[in-house]
Structures are given as structure tokens and as C-alpha cells.
$ cat upload19.txt   # compact mmCIF, C-alpha atoms
# COMPACT_ATOMS: atom_id res chain seq x y z
CA MET A 78 50.54 120.36 64.55
CA PRO A 79 49.84 122.53 67.55
CA ASN A 80 52.59 124.80 68.63
CA TRP A 81 52.79 123.53 72.22
CA PHE A 82 53.50 120.04 71.00
CA VAL A 83 56.54 121.13 68.95
CA ARG A 84 57.91 123.01 71.91
CA PHE A 85 57.31 120.05 74.20
CA ARG A 86 59.06 117.73 71.80
CA SER A 87 62.13 119.94 71.38
CA ALA A 88 62.40 120.38 75.14
CA ARG A 89 62.37 116.63 75.48
CA LEU A 90 65.03 116.39 72.80
CA VAL A 91 67.31 118.86 74.60
CA ALA A 92 66.84 117.03 77.86
CA GLY A 93 67.60 113.74 76.15
CA VAL A 94 70.81 115.02 74.59
CA PHE A 95 71.87 116.52 77.90
CA LEU A 96 71.29 113.27 79.75
CA LEU A 97 73.10 111.33 77.05
CA ALA A 98 76.11 113.63 77.35
CA LEU A 99 76.18 113.22 81.12
CA GLY A 100 75.80 109.48 80.81
CA GLY A 101 78.56 109.53 78.20
CA CYS A 102 81.01 111.17 80.59
CA ALA A 103 80.17 108.72 83.32
CA SER A 104 80.66 105.75 81.02
CA LEU A 105 83.95 107.15 79.72
CA VAL A 106 85.44 107.09 83.19
CA PRO A 107 83.14 104.83 85.22
CA GLN A 108 85.57 104.00 87.98
CA THR A 109 86.50 107.63 88.63
CA MET A 110 82.78 108.40 88.83
CA ALA A 111 82.28 105.50 91.26
CA LEU A 112 85.04 106.90 93.48
CA ARG A 113 82.88 109.97 94.11
CA ASP A 114 80.42 107.76 95.96
CA THR A 115 82.76 105.40 97.73
CA TRP A 116 86.42 105.92 98.43
CA PRO A 117 88.18 102.59 99.20
CA GLU A 118 88.09 101.88 102.90
CA GLY A 119 91.25 102.40 104.91
CA VAL A 120 93.08 104.24 102.11
CA ALA A 121 94.46 107.72 102.79
CA LEU A 122 93.21 110.48 100.51
CA ARG A 123 96.73 111.44 99.54
CA THR A 124 100.00 109.57 99.45
CA GLU A 125 103.22 109.72 97.50
CA LEU A 126 106.09 107.22 97.35
CA ALA A 127 108.78 109.84 96.80
CA GLU A 128 111.57 107.29 97.34
CA VAL A 129 110.68 105.32 94.19
CA PRO A 130 113.63 105.70 91.80
CA PHE A 131 113.35 107.27 88.37
CA PHE A 132 114.83 105.99 85.12
CA PRO A 133 114.14 108.31 82.20
CA GLN A 134 113.27 106.20 79.18
CA GLN A 135 115.46 105.92 76.12
CA ASP A 136 113.84 105.89 72.67
CA TYR A 137 110.77 103.68 72.81
CA GLN A 138 111.87 101.79 75.88
CA CYS A 139 109.30 102.79 78.46
CA GLY A 140 108.78 99.09 79.30
CA PRO A 141 112.34 98.52 80.56
CA ALA A 142 112.32 101.92 82.32
CA ALA A 143 109.01 101.27 84.11
CA LEU A 144 110.03 97.75 85.07
CA ALA A 145 113.42 98.92 86.40
CA THR A 146 111.61 101.53 88.49
CA ALA A 147 109.44 98.91 90.19
CA LEU A 148 112.16 96.26 90.46
CA VAL A 149 114.78 98.53 92.00
CA HIS A 150 112.19 99.78 94.46
CA SER A 151 111.57 96.14 95.46
CA GLY A 152 115.28 95.69 96.11
CA ALA A 153 116.34 93.89 92.92
CA GLY A 154 119.51 94.96 91.16
CA ALA A 155 118.03 95.69 87.74
CA THR A 156 118.92 98.35 85.19
CA PRO A 157 116.89 99.54 82.21
CA GLU A 158 119.78 98.53 79.93
CA GLU A 159 119.73 94.86 80.91
CA LEU A 160 115.94 94.82 80.92
CA VAL A 161 115.98 95.86 77.26
CA THR A 162 117.23 92.38 76.38
CA LEU A 163 114.50 90.84 78.54
CA VAL A 164 111.39 92.75 77.47
CA TYR A 165 112.03 94.97 74.45
CA ILE A 166 111.02 93.89 70.95
CA PRO A 167 112.90 95.98 68.39
CA SER A 168 110.54 95.72 65.46
CA ARG A 169 107.49 96.38 67.60
CA GLN A 170 109.27 99.29 69.30
CA GLY A 171 107.77 98.25 72.57
CA SER A 172 107.26 95.60 75.24
CA LEU A 173 104.47 93.06 75.75
CA GLN A 174 102.50 92.80 78.99
CA VAL A 175 103.29 89.11 79.38
CA GLU A 176 107.00 89.80 79.14
CA MET A 177 106.82 92.55 81.74
CA LEU A 178 105.45 89.94 84.16
CA ALA A 179 107.86 87.23 83.05
CA ALA A 180 111.01 89.38 83.27
CA ALA A 181 110.31 90.40 86.88
CA ARG A 182 110.35 86.72 87.88
CA ARG A 183 113.83 86.28 86.54
CA TYR A 184 114.96 88.62 89.33
CA GLY A 185 113.32 86.42 91.95
CA ARG A 186 110.50 88.93 92.30
CA ILE A 187 106.84 87.99 92.30
CA ALA A 188 104.96 89.70 89.51
CA TYR A 189 101.32 90.07 90.43
CA PRO A 190 98.80 91.36 87.88
CA LEU A 191 96.16 93.43 89.66
CA ALA A 192 92.43 93.05 89.20
CA PRO A 193 91.19 95.69 86.73
CA ARG A 194 90.01 98.08 89.43
CA LEU A 195 91.05 101.60 90.30
CA ASP A 196 90.33 100.77 93.95
CA ASP A 197 92.94 98.02 93.90
CA LEU A 198 95.51 100.27 92.27
CA LEU A 199 94.97 102.92 94.95
CA ARG A 200 95.19 100.35 97.73
CA GLU A 201 98.50 99.01 96.44
CA VAL A 202 100.02 102.48 96.13
CA ALA A 203 98.74 103.40 99.59
CA ALA A 204 100.42 100.24 100.93
CA GLY A 205 103.75 101.40 99.51
CA ASN A 206 103.79 99.38 96.29
CA PRO A 207 104.40 101.33 93.07
CA VAL A 208 102.09 100.04 90.33
CA ILE A 209 103.08 99.59 86.68
CA VAL A 210 100.19 100.47 84.36
CA LEU A 211 99.65 100.20 80.61
CA GLN A 212 98.02 103.26 79.10
CA ASP A 213 96.93 104.19 75.62
CA ASN A 214 97.92 107.81 75.26
CA GLY A 215 96.59 108.03 71.75
CA ALA A 216 93.16 109.30 70.82
CA GLY A 217 90.68 108.30 68.18
CA PRO A 218 92.35 106.08 65.59
CA ILE A 219 95.86 106.70 66.91
CA VAL A 220 97.01 104.03 69.34
CA ASN A 221 99.92 104.82 71.57
CA TRP A 222 100.66 102.18 74.20
CA HIS A 223 102.78 103.33 77.08
CA TYR A 224 103.97 101.93 80.42
CA ALA A 225 104.20 104.20 83.44
CA VAL A 226 104.49 103.70 87.20
CA VAL A 227 101.89 105.13 89.56
CA ILE A 228 103.69 106.36 92.68
CA GLY A 229 101.04 108.41 94.42
CA PHE A 230 97.82 110.39 94.33
CA ASP A 231 96.11 113.35 95.89
CA TYR A 232 92.37 112.87 95.68
CA PRO A 233 91.32 116.29 97.00
CA ALA A 234 93.49 117.83 94.25
CA GLY A 235 92.17 115.24 91.77
CA GLU A 236 95.60 114.08 90.64
CA LEU A 237 97.65 110.92 90.33
CA TYR A 238 101.46 110.99 90.26
CA LEU A 239 103.39 108.90 87.77
CA ARG A 240 106.96 108.14 86.82
CA SER A 241 106.38 108.34 83.10
CA GLY A 242 108.71 108.46 80.10
CA GLU A 243 111.10 111.33 80.60
CA THR A 244 109.00 112.99 83.29
CA LYS A 245 110.04 112.26 86.84
CA ARG A 246 106.77 113.33 88.42
CA LEU A 247 103.84 113.57 86.05
CA ALA A 248 100.67 114.88 87.69
CA ILE A 249 97.63 113.69 85.79
CA PRO A 250 93.91 114.17 86.60
CA PHE A 251 92.00 111.05 87.68
CA THR A 252 89.65 111.40 84.70
CA VAL A 253 92.42 111.61 82.10
CA PHE A 254 94.29 108.77 83.77
CA GLU A 255 91.31 106.46 83.72
CA TYR A 256 90.53 107.34 80.11
CA THR A 257 94.03 106.34 79.01
CA TRP A 258 94.20 103.33 81.33
CA LYS A 259 90.78 101.94 80.43
CA LYS A 260 91.85 100.98 76.92
CA SER A 261 94.29 98.39 78.26
CA ASN A 262 91.37 96.87 80.21
CA TYR A 263 92.84 98.49 83.29
CA TRP A 264 96.04 96.45 83.11
CA ALA A 265 98.31 96.90 86.12
CA MET A 266 100.98 94.91 87.94
CA VAL A 267 103.20 95.07 91.00
CA THR A 268 106.57 93.41 91.53
CA LEU A 269 107.28 92.47 95.11
CA PRO A 270 110.00 90.52 96.89
CA PRO A 271 108.88 87.05 98.00
CA GLY A 272 107.32 87.20 101.44
CA ARG A 273 105.81 90.61 100.89
CA MET A 274 102.29 90.08 99.67
CA PRO A 275 100.28 92.56 97.61
CA VAL A 276 97.45 93.94 99.76
CA THR A 277 94.95 93.02 97.06
CA ALA A 278 96.30 89.48 96.59
CA THR A 279 93.74 86.70 96.12
CA GLU A 280 94.46 83.07 96.98
CA PRO A 281 94.38 81.62 93.43
CA GLY A 282 95.96 84.71 91.87
CA TYR A 283 98.91 84.93 94.22
CA LEU A 284 99.46 81.16 94.12
CA ALA A 285 99.70 81.34 90.33
CA SER A 286 102.18 84.22 90.63
CA ILE A 287 104.43 82.28 92.99
CA ALA A 288 104.27 79.13 90.84
CA ALA A 289 105.20 81.22 87.80
CA MET A 290 108.23 82.59 89.66
CA GLU A 291 109.18 79.09 90.83
CA ARG A 292 109.57 78.08 87.16
CA VAL A 293 112.48 80.47 86.66
CA GLY A 294 113.41 81.93 90.03
CA ASP A 295 115.53 80.25 92.66
CA ALA A 296 114.21 77.75 95.19
CA HIS A 297 115.10 80.04 98.12
CA ALA A 298 112.73 82.73 96.85
CA ALA A 299 110.00 80.14 96.29
CA ILE A 300 110.36 78.83 99.85
CA ILE A 301 110.00 82.31 101.33
CA ALA A 302 106.99 83.08 99.14
CA TYR A 303 105.17 79.82 99.82
CA SER A 304 105.79 80.13 103.56
CA ALA A 305 104.24 83.59 103.59
CA PHE A 306 101.36 82.29 101.49
CA LEU A 307 100.73 79.43 103.94
CA ASP A 308 100.75 81.81 106.91
CA ARG A 309 97.73 83.43 105.33
CA TRP A 310 96.07 80.44 103.64
CA PRO A 311 97.30 77.41 105.64
CA ASP A 312 94.85 75.01 104.02
CA ASN A 313 96.25 75.24 100.50
CA ILE A 314 97.63 71.95 99.14
CA SER A 315 99.42 73.40 96.11
CA ALA A 316 101.36 75.89 98.18
CA SER A 317 102.39 73.18 100.66
CA VAL A 318 103.55 70.96 97.83
CA GLY A 319 105.40 73.93 96.35
CA LEU A 320 107.10 74.65 99.67
CA ALA A 321 108.17 71.03 100.00
CA ASN A 322 109.41 70.95 96.41
CA GLY A 323 111.50 74.03 97.13
CA HIS A 324 113.12 72.33 100.13
CA TYR A 325 113.55 69.15 98.09
CA ALA A 326 115.32 71.05 95.31
CA LEU A 327 117.79 72.33 97.91
CA ARG A 328 118.11 68.77 99.31
CA ALA A 329 116.66 69.86 102.66
CA LEU A 330 114.77 66.59 102.95
CA GLU A 331 113.73 66.89 106.60
CA ASP A 332 112.18 70.31 105.93
CA ALA A 333 110.37 68.94 102.89
CA ALA A 334 108.99 66.04 104.94
CA ALA A 335 107.87 68.41 107.71
CA ALA A 336 106.00 70.64 105.25
CA LEU A 337 104.26 67.65 103.69
CA ARG A 338 103.30 66.19 107.08
CA ARG A 339 101.68 69.47 108.07
CA VAL A 340 99.44 69.47 105.01
CA LEU A 341 98.79 65.72 105.24
CA ALA A 342 97.21 66.29 108.63
CA ARG A 343 94.70 68.59 106.93
CA HIS A 344 94.23 66.56 103.73
CA PRO A 345 94.89 62.90 104.63
CA ASP A 346 93.74 61.59 101.23
CA SER A 347 95.71 63.83 98.89
CA VAL A 348 97.46 61.57 96.40
CA VAL A 349 100.04 64.23 95.56
CA VAL A 350 101.00 64.78 99.18
CA LEU A 351 101.14 61.03 99.92
CA ASN A 352 103.29 60.36 96.85
CA ASN A 353 105.71 63.20 97.48
CA LEU A 354 106.06 62.43 101.19
CA ALA A 355 106.72 58.78 100.35
CA GLN A 356 109.43 59.84 97.92
CA VAL A 357 111.07 62.13 100.48
CA LEU A 358 110.99 59.51 103.24
CA SER A 359 112.42 56.92 100.90
CA ASP A 360 115.24 59.31 100.02
CA LEU A 361 115.84 59.64 103.75
CA GLY A 362 116.17 55.85 103.94
CA ARG A 363 112.89 55.35 105.80
CA ASN A 364 111.44 52.95 103.24
CA ASP A 365 109.02 51.21 105.61
CA GLU A 366 107.18 54.44 106.35
CA ALA A 367 107.35 55.37 102.69
CA LEU A 368 105.80 52.07 101.61
CA ALA A 369 102.86 52.51 103.97
CA LEU A 370 102.20 55.97 102.57
CA ILE A 371 102.48 55.03 98.90
CA GLU A 372 100.07 52.14 99.44
CA ARG A 373 97.57 54.66 100.79
CA ALA A 374 98.11 56.74 97.63
CA ALA A 375 97.49 53.82 95.31
CA SER A 376 93.74 54.08 95.58
CA PRO A 377 91.51 52.04 93.27
CA GLY A 378 90.40 53.97 90.22
CA GLU A 379 92.60 55.94 87.88
CA ASN A 380 93.69 59.42 88.61
CA LEU A 381 96.08 61.78 86.94
CA PHE A 382 99.02 60.82 89.12
CA ALA A 383 98.50 57.06 89.05
CA GLY A 384 101.56 56.63 86.82
CA THR A 385 103.81 58.54 89.18
CA VAL A 386 102.43 56.68 92.18
CA ARG A 387 103.24 53.33 90.53
CA GLU A 388 106.76 54.55 89.80
CA THR A 389 107.33 55.68 93.35
CA HIS A 390 105.94 52.38 94.62
CA ALA A 391 108.32 50.42 92.39
CA LEU A 392 111.26 52.59 93.43
CA ILE A 393 110.59 52.03 97.13
CA LEU A 394 110.28 48.26 96.70
CA GLN A 395 113.51 48.23 94.70
CA ARG A 396 115.35 50.18 97.38
CA MET A 397 114.00 47.85 100.10
CA GLU A 398 115.19 44.88 98.08
CA LYS A 399 118.66 46.36 97.76
CA SER A 400 119.06 47.16 101.44
CA LYS A 401 118.16 43.64 102.48
CA MET B 178 98.18 73.45 54.76
CA LYS B 179 99.98 74.67 57.82
CA THR B 180 97.08 73.74 60.09
CA ALA B 181 96.91 70.28 58.58
CA LEU B 182 100.56 69.79 59.38
CA THR B 183 100.10 71.21 62.88
CA ASN B 184 97.15 68.88 63.43
CA MET B 185 99.16 65.91 62.37
CA ILE B 186 102.11 66.76 64.61
CA CYS B 187 99.65 67.43 67.40
CA ARG B 188 98.02 64.01 67.08
CA PHE B 189 101.32 62.27 66.92
CA LEU B 190 102.64 64.03 70.01
CA ALA B 191 99.37 63.53 71.89
CA ILE B 192 99.60 59.78 71.42
CA ALA B 193 103.31 59.73 72.17
CA ILE B 194 102.81 61.62 75.39
CA MET B 195 99.82 59.59 76.49
CA MET B 196 102.00 56.52 76.32
CA MET B 197 104.56 58.10 78.62
CA PRO B 198 104.07 58.33 82.35
CA PHE B 199 103.95 61.89 83.57
CA GLN B 200 107.52 63.00 84.01
CA SER B 201 108.54 65.57 86.55
CA GLY B 202 111.89 67.23 86.87
CA GLN B 203 112.93 65.73 90.16
CA ALA B 204 112.71 61.96 90.70
CA ALA B 205 109.13 60.92 91.27
CA MET B 206 108.11 64.13 93.02
CA ILE B 207 104.97 65.65 91.57
CA GLY B 208 105.70 69.22 90.54
CA THR B 209 103.81 72.26 91.72
CA ASP B 210 102.64 73.28 88.25
CA GLN B 211 101.25 69.79 87.70
CA VAL B 212 99.19 70.04 90.87
CA ASN B 213 97.83 73.39 89.80
CA SER B 214 96.78 72.17 86.38
CA ALA B 215 95.53 68.79 87.55
CA ALA B 216 91.91 69.87 87.61
CA THR B 217 91.44 68.96 83.98
CA VAL B 218 91.58 65.55 82.35
CA GLN B 219 93.00 67.20 79.26
CA VAL B 220 96.40 67.68 80.77
CA GLU B 221 98.18 65.58 78.15
CA ARG B 222 96.62 67.48 75.33
CA ASN B 223 97.52 70.74 77.01
CA VAL B 224 101.13 69.64 77.29
CA VAL B 225 101.26 69.13 73.54
CA LEU B 226 99.50 72.33 72.68
CA ASN B 227 101.77 74.18 75.04
CA TYR B 228 104.85 72.68 73.50
CA LEU B 229 103.70 73.88 70.11
CA SER B 230 102.72 77.33 71.40
CA ARG B 231 106.14 77.78 72.96
CA ALA B 232 107.92 76.83 69.76
CA GLN B 233 105.69 79.15 67.78
CA THR B 234 106.19 82.05 70.18
CA VAL B 235 109.97 81.63 70.10
CA ASN B 236 109.76 81.71 66.32
CA GLU B 237 107.67 84.83 66.26
CA LEU B 238 110.00 86.64 68.63
CA GLN B 239 112.93 85.70 66.41
CA ASN B 240 111.08 87.07 63.40
CA LEU B 241 110.64 90.32 65.31
CA GLY B 242 114.39 90.73 65.67
CA LEU B 243 115.52 88.78 68.74
CA ASP B 244 118.34 86.26 68.59
CA ALA B 245 117.48 82.60 69.10
CA GLN B 246 118.80 82.17 72.64
CA THR B 247 117.22 85.39 73.94
CA ALA B 248 113.87 84.45 72.45
CA LYS B 249 114.06 81.00 74.02
CA ASP B 250 114.95 82.34 77.47
CA ARG B 251 112.19 84.90 77.31
CA VAL B 252 109.53 82.37 76.37
CA ASN B 253 110.85 80.05 79.06
CA ALA B 254 110.04 82.65 81.71
CA MET B 255 106.36 82.63 80.70
CA THR B 256 103.71 80.37 82.20
CA ASN B 257 101.66 78.03 80.02
CA ASP B 258 98.67 80.33 80.14
CA GLU B 259 100.77 83.30 79.16
CA VAL B 260 102.30 81.49 76.22
CA SER B 261 98.93 80.37 74.91
CA SER B 262 97.60 83.91 75.27
CA LEU B 263 100.46 85.16 73.09
CA ALA B 264 100.99 82.48 70.46
CA GLY B 265 100.06 83.81 67.07
CA LYS B 266 99.15 87.22 68.41
CA ILE B 267 102.49 88.87 69.11
CA SER B 268 102.23 91.28 66.22
CA SER B 269 98.81 92.47 67.35
CA ALA B 270 99.21 92.43 71.14
CA PRO B 271 99.69 95.86 72.73
CA ALA B 272 103.37 96.76 72.98
CA GLY B 273 103.97 99.73 75.25
CA GLY B 274 106.69 101.92 73.83
CA ASP B 275 106.18 105.59 73.28
CA GLY B 276 106.37 108.01 76.15
CA LEU B 277 104.73 111.00 74.57
CA VAL B 278 101.21 112.04 75.27
CA VAL B 279 100.23 112.42 71.63
CA LEU B 280 96.81 113.93 71.82
CA ILE B 281 94.89 115.48 74.60
CA LEU B 282 91.38 116.18 73.46
CA VAL B 283 89.61 119.44 74.03
CA VAL B 284 87.17 117.39 76.06
CA PHE B 285 89.93 116.70 78.54
CA PHE B 286 90.51 120.38 79.09
CA ILE B 287 86.84 120.88 79.73
CA TRP B 288 86.92 118.03 82.20
CA TYR B 289 90.11 119.21 83.69
CA PHE B 290 88.65 122.54 84.59
CA ALA B 291 85.10 121.35 85.24
CA PHE B 292 85.88 118.38 87.42
CA ARG B 293 89.27 116.83 87.84
CA ARG B 294 88.06 113.80 89.68
$ encode --input "upload19.txt" --output "C-alpha cells"
Amino acid sequence: MPNWFVRFRSARLVAGVFLLALGGCASLVPQTMALRDTWPEGVALRTELAEVPFFPQQDYQCGPAALATALVHSGAGATPEELVTLVYIPSRQGSLQVEMLAAARRYGRIAYPLAPRLDDLLREVAAGNPVIVLQDNGAGPIVNWHYAVVIGFDYPAGELYLRSGETKRLAIPFTVFEYTWKKSNYWAMVTLPPGRMPVTATEPGYLASIAAMERVGDAHAAIIAYSAFLDRWPDNISASVGLANGHYALRALEDAAAALRRVLARHPDSVVVLNNLAQVLSDLGRNDEALALIERAASPGENLFAGTVRETHALILQRMEKSK
Amino acid sequence: MKTALTNMICRFLAIAIMMMPFQSGQAAMIGTDQVNSAATVQVERNVVLNYLSRAQTVNELQNLGLDAQTAKDRVNAMTNDEVSSLAGKISSAPAGGDGLVVLILVVFFIWYFAFRR
């Protein structure tokens, strides 16, 4: 084999290994690498939410501590101690992601899971919303799940600032942060009072978050949240129905009817809206109007709500009979 | 054996629920969560599966050291999707707990000094 060929081959090998190593770094922290090319638009290069409270964690309870940090910042009266009974699992010595979201709702706060993007995290922090993240601080075979709260960053210095464990202000390089955060599939959440929308909120995502809160939170909070939602996405049927259901739960029947009429003007054939408006009007004693509406809802052909529509129809007829 | 039993209960409940009209909490008002899940024709089946998932999740939480009422309240605060994502997987799902940074690789130090962002 000629000498030049061996040298050529080994040079190629070295180049290959070098490229692989570079590519390896980039794929270890792809989002940090992407930030070098494009910084999210409209986001300051440095920001810090110094007013976010700090609750040093006890034992393995970083979940309750992180959640209390975000909840208190959003104005809810939560303490890490009471959150232990809501999110901590003794024999797992930790807290599940689902429960972190669920517990926030029990304080009438809207828990919104962020899209798995560093850009979105930075945008939320820049907008004044501390972000709870799940990191794996282990390495290799050791897994070490940990919740922390991102409260700021300084991109020129290459650091993010976290309330983490027993450290009030942990400065951590972007690369290290992404490496630890990546293993949770970039899991992050914000908890905000109803009416204050996450800047990265999407229509289906935020609607699901409000509906989840409506399950356990109070109707007042749901009304505020749905109203804010409809200011931004006025065409949404589910949110309008949710708003009306909130009013209905508080027996504010006129408000419920008004909300349903607004959405009926946009979606005149919605069976759900027709049925619910008929029910509300019947409760208000306006059975003639209600009957006209429910007859519009009883379209030929089966749909999911046909049973409910028949019930409402029967109820209205029965009430008309009685009042005769 | 357990799956056979689950299947049987599932079938029974599916039929039972299909024979019922859809009930909502407040008179004949259609609830918000119903509207959101109405896209699928499998709603009835989902109701059953969800009922089972909730019961199972409550059970698992109890096995992990929570008292019955706490477990029930906690599962109640979850959405249907969340419950089904958890059922049967609680022991393996990530549970954030420890606050210590256990290991920082040498690679990190190289990065740290070479390029921090």
C-alpha cells in the first residue's frame, strides 16, 4: 500500500472523528446551539424576576417547594407544607409532573404546560412568569429528577438563574441547563391567575388548561379565564359554553344566556349552544323561546348530544304543561 | 387473569353506560368537558376506560403510601388525559425529588470554559 494513501486515510479519519465530536456537542444541546443563530424575537437578552419568592426544599420535596414558589408569585396563598399533601409521594420520594399541574388548579390557578422549546421558556420568563422545569441532574446510569424554577437569564454571560433546592439563586450555563432539562423532554409549566394568559399560549392548549381548572377550581375563576380567552379567540364554541356554564353554576342565568347568544350568532347550528340556551331560557321561565331553540337543535340524524336534547325538549314541554 | 376480569367489567360498564343518556352535572346543560371530547364517537368507551383508570390510579397512590381520601382528591384534580397517561405507570414515571446536582461531567467543565452558551 503506498504511503500517501495511508496518510490520506488517517487524515480523513481524524477529520471524521473531529466532525463527529462537533456534531455530538450540537446534538447534546440542540436548542442552545440554535439560539446562537436566532434569539427569540422581542425577548431581552437579560432579565431576572428578583421578586419571585424562595422556599428552600425540605428532604426530597423539591416539587412542593418549586410549586409554592410559582403559586405564591401568582398570588395564591400556598405553602410548601400544605403542597406536600397535594403532590408528594412518600415511597417515590418525589412528585409526578401530572400532579404538579393538577395541584396548581386546586388553588384556582391555571397550570399551563409549555411546548418543549427553550424559546418558549425564555419568552415566558421575559414576560414575568417564572417557569417550573423538570431536570435530570444525574449522569450516565444515575437518574436524579429534580424540579426547579427558572427566574431569569443573562445570555451575554451565558447563564440562567434558578430557584433550586436549597439554593436561592443558582446560576447555571445554558449548555448544562439544556443537558439536564432535555431528559424530561423539555418539560416545563407556568401557573398563572385566571385572566393572565401565558405569552406562548395556544388556543387548544390554553382551552384545555382552563377546562382542567374548571373541574376543580371555582366558577368565578373559570368565568374570568374564559372571558379572557374569548377576548383573544372570540370564535371558540367550547370557551363560550364554558363561560355560560360558569355563570349557570352561580345561577347568573341572564349572563349565561347573554354569553350563549353571542356565540349562537357566530355558530347558529351548534347543537350544544342551542340546547344549553334553551335550558337557560326555560329556567328563566321563557319556555316559548326555549321550545323554538330546542326544536332547532333536534336535527334529523343522531349526534352525540341527541339524548340530552330530547331530555331538554321533554323538560320544556312539561314545564309549559304545568304553567297552563 | 386480571386483564380478563378488567375486560369483563369493561364490557359490562360499556353496555350499561350506552343504555344511559349522557348525564351532566347540572340539569340538562351540556358540560364543557363533554364539548371538548365530543369529537370522537368513542366517548362512551372512553368514559368507562377513564373510570377504570381513575380507580386504578387511586389504588396505586394508596399503595405508594397515601391515605384513601388524599389519593382520591388528588386523582380527582387530574383531567381524563392525565389519568390515562398515569394509570399503571406511577412507579416508573419521573418523580422529581432530589435537589443535589449529583454529577457534573468533566465534559461540562470543558464546555463551561470553552463556550457557556
$ closest_residue --input "upload19.txt" --among "A:Thr124, A:Ser304, A:Asn380, A:Asn206" --to "Thr146 in chain A" --atoms "all atoms listed in the file"
A:Asn206
$ atom_distance --input "upload19.txt" --atom1 "CA of Ala216 in chain A" --atom2 "CA of Arg113 in chain A"
25.5 Å
$ closest_atom_pairs --input "upload19.txt" --of "chain A" --to "chain B" --cutoff "6 Å" --atoms "all atoms listed in the file" --output "Markdown table"
| residue | atom | partner | partner_atom | distance |
| --- | --- | --- | --- | --- |
| A:Tyr137 | CA | B:Gly274 | CA | 4.6 |
| A:Gln138 | CA | B:Gly274 | CA | 5.6 |
| A:Cys139 | CA | B:Gly274 | CA | 5.4 |
| A:Ser168 | CA | B:Leu241 | CA | 5.4 |
| A:Gln170 | CA | B:Gly274 | CA | 5.8 |
| A:Gly171 | CA | B:Gly274 | CA | 4.0 |
| A:Ser172 | CA | B:Ala272 | CA | 4.6 |
| A:Leu173 | CA | B:Ala272 | CA | 4.8 |
| A:Ala179 | CA | B:Ala254 | CA | 5.2 |
| A:Asn214 | CA | B:Val278 | CA | 5.4 |
| A:Gly215 | CA | B:Val279 | CA | 5.7 |
| A:Ala216 | CA | B:Leu280 | CA | 6.0 |
| A:Trp222 | CA | B:Gly273 | CA | 4.2 |
| A:His223 | CA | B:Gly273 | CA | 4.2 |
| A:Tyr224 | CA | B:Gly273 | CA | 5.6 |
| A:Gly235 | CA | B:Arg294 | CA | 4.8 |
| A:Gly242 | CA | B:Gly276 | CA | 4.6 |
| A:Pro250 | CA | B:Arg293 | CA | 5.5 |
| A:Phe251 | CA | B:Arg294 | CA | 5.2 |
| A:Thr252 | CA | B:Arg294 | CA | 5.8 |
| A:Ala289 | CA | B:Thr256 | CA | 5.9 |
| A:Val293 | CA | B:Ala254 | CA | 5.9 |
| A:Gly319 | CA | B:Thr209 | CA | 5.2 |
| A:Asn353 | CA | B:Met206 | CA | 5.1 |
| A:Gly384 | CA | B:Pro198 | CA | 5.4 |
| A:Thr389 | CA | B:Ala205 | CA | 5.9 |
$ write_last_selection --input "upload19.txt" --atoms "C-alpha atoms" --output "PDB file, in the coordinates of the input"
ATOM      1  CA  TYR A 137     110.770 103.680  72.810  1.00  0.00           C
ATOM      2  CA  GLN A 138     111.870 101.790  75.880  1.00  0.00           C
ATOM      3  CA  CYS A 139     109.300 102.790  78.460  1.00  0.00           C
ATOM      4  CA  SER A 168     110.540  95.720  65.460  1.00  0.00           C
ATOM      5  CA  GLN A 170     109.270  99.290  69.300  1.00  0.00           C
ATOM      6  CA  GLY A 171     107.770  98.250  72.570  1.00  0.00           C
ATOM      7  CA  SER A 172     107.260  95.600  75.240  1.00  0.00           C
ATOM      8  CA  LEU A 173     104.470  93.060  75.750  1.00  0.00           C
ATOM      9  CA  ALA A 179     107.860  87.230  83.050  1.00  0.00           C
ATOM     10  CA  ASN A 214      97.920 107.810  75.260  1.00  0.00           C
ATOM     11  CA  GLY A 215      96.590 108.030  71.750  1.00  0.00           C
ATOM     12  CA  ALA A 216      93.160 109.300  70.820  1.00  0.00           C
ATOM     13  CA  TRP A 222     100.660 102.180  74.200  1.00  0.00           C
ATOM     14  CA  HIS A 223     102.780 103.330  77.080  1.00  0.00           C
ATOM     15  CA  TYR A 224     103.970 101.930  80.420  1.00  0.00           C
ATOM     16  CA  GLY A 235      92.170 115.240  91.770  1.00  0.00           C
ATOM     17  CA  GLY A 242     108.710 108.460  80.100  1.00  0.00           C
ATOM     18  CA  PRO A 250      93.910 114.170  86.600  1.00  0.00           C
ATOM     19  CA  PHE A 251      92.000 111.050  87.680  1.00  0.00           C
ATOM     20  CA  THR A 252      89.650 111.400  84.700  1.00  0.00           C
ATOM     21  CA  ALA A 289     105.200  81.220  87.800  1.00  0.00           C
ATOM     22  CA  VAL A 293     112.480  80.470  86.660  1.00  0.00           C
ATOM     23  CA  GLY A 319     105.400  73.930  96.350  1.00  0.00           C
ATOM     24  CA  ASN A 353     105.710  63.200  97.480  1.00  0.00           C
ATOM     25  CA  GLY A 384     101.560  56.630  86.820  1.00  0.00           C
ATOM     26  CA  THR A 389     107.330  55.680  93.350  1.00  0.00           C
TER      27      THR A 389
END
$ atom_distance --input "upload19.txt" --atom1 "CA of Ala111 in chain A" --atom2 "CA of Leu126 in chain A"
24.6 Å
$ residues_near_point --input "upload19.txt" --point "(104.1, 73.4, 68.6)" --cutoff "10 Å" --atoms "all atoms listed in the file" --output "PyMOL selection string"
chain B and resi 183-184+186-187+190+224-234+264
$ residues_around --input "upload19.txt" --residues "Gln356 in chain A" --least-positions-apart "5" --cutoff "10 Å" --atoms "all atoms listed in the file" --output "VMD selection string"
(chain A and resid 330 334 350 to 351 361 to 364 367 to 368 370 to 371 386 389 to 390 392 to 393) or (chain B and resid 204 to 207)
$ residues_around --input "upload19.txt" --residues "Glu159 in chain A" --least-positions-apart "5" --cutoff "10 Å" --atoms "all atoms listed in the file" --output "count of residues only"
3
$ residues_around --input "upload19.txt" --residues "Ile249 in chain A" --least-positions-apart "4" --cutoff "10 Å" --atoms "only C-alpha atoms" --output "JSON, numbers by chain"
{"A": [230, 235, 236, 237, 238, 239, 253, 254, 255], "B": [289, 293]}
$ write_last_selection --input "upload19.txt" --atoms "C-alpha atoms" --output "short mmCIF file (atom, residue, chain, number, x, y, z; two decimals), keeping the file's coordinate frame"
data_model
loop_
_atom_site.label_atom_id
_atom_site.label_comp_id
_atom_site.auth_asym_id
_atom_site.auth_seq_id
_atom_site.Cartn_x
_atom_site.Cartn_y
_atom_site.Cartn_z
CA PHE A 230 97.82 110.39 94.33
CA GLY A 235 92.17 115.24 91.77
CA GLU A 236 95.60 114.08 90.64
CA LEU A 237 97.65 110.92 90.33
CA TYR A 238 101.46 110.99 90.26
CA LEU A 239 103.39 108.90 87.77
CA VAL A 253 92.42 111.61 82.10
CA PHE A 254 94.29 108.77 83.77
CA GLU A 255 91.31 106.46 83.72
CA TYR B 289 90.11 119.21 83.69
CA ARG B 293 89.27 116.83 87.84
#
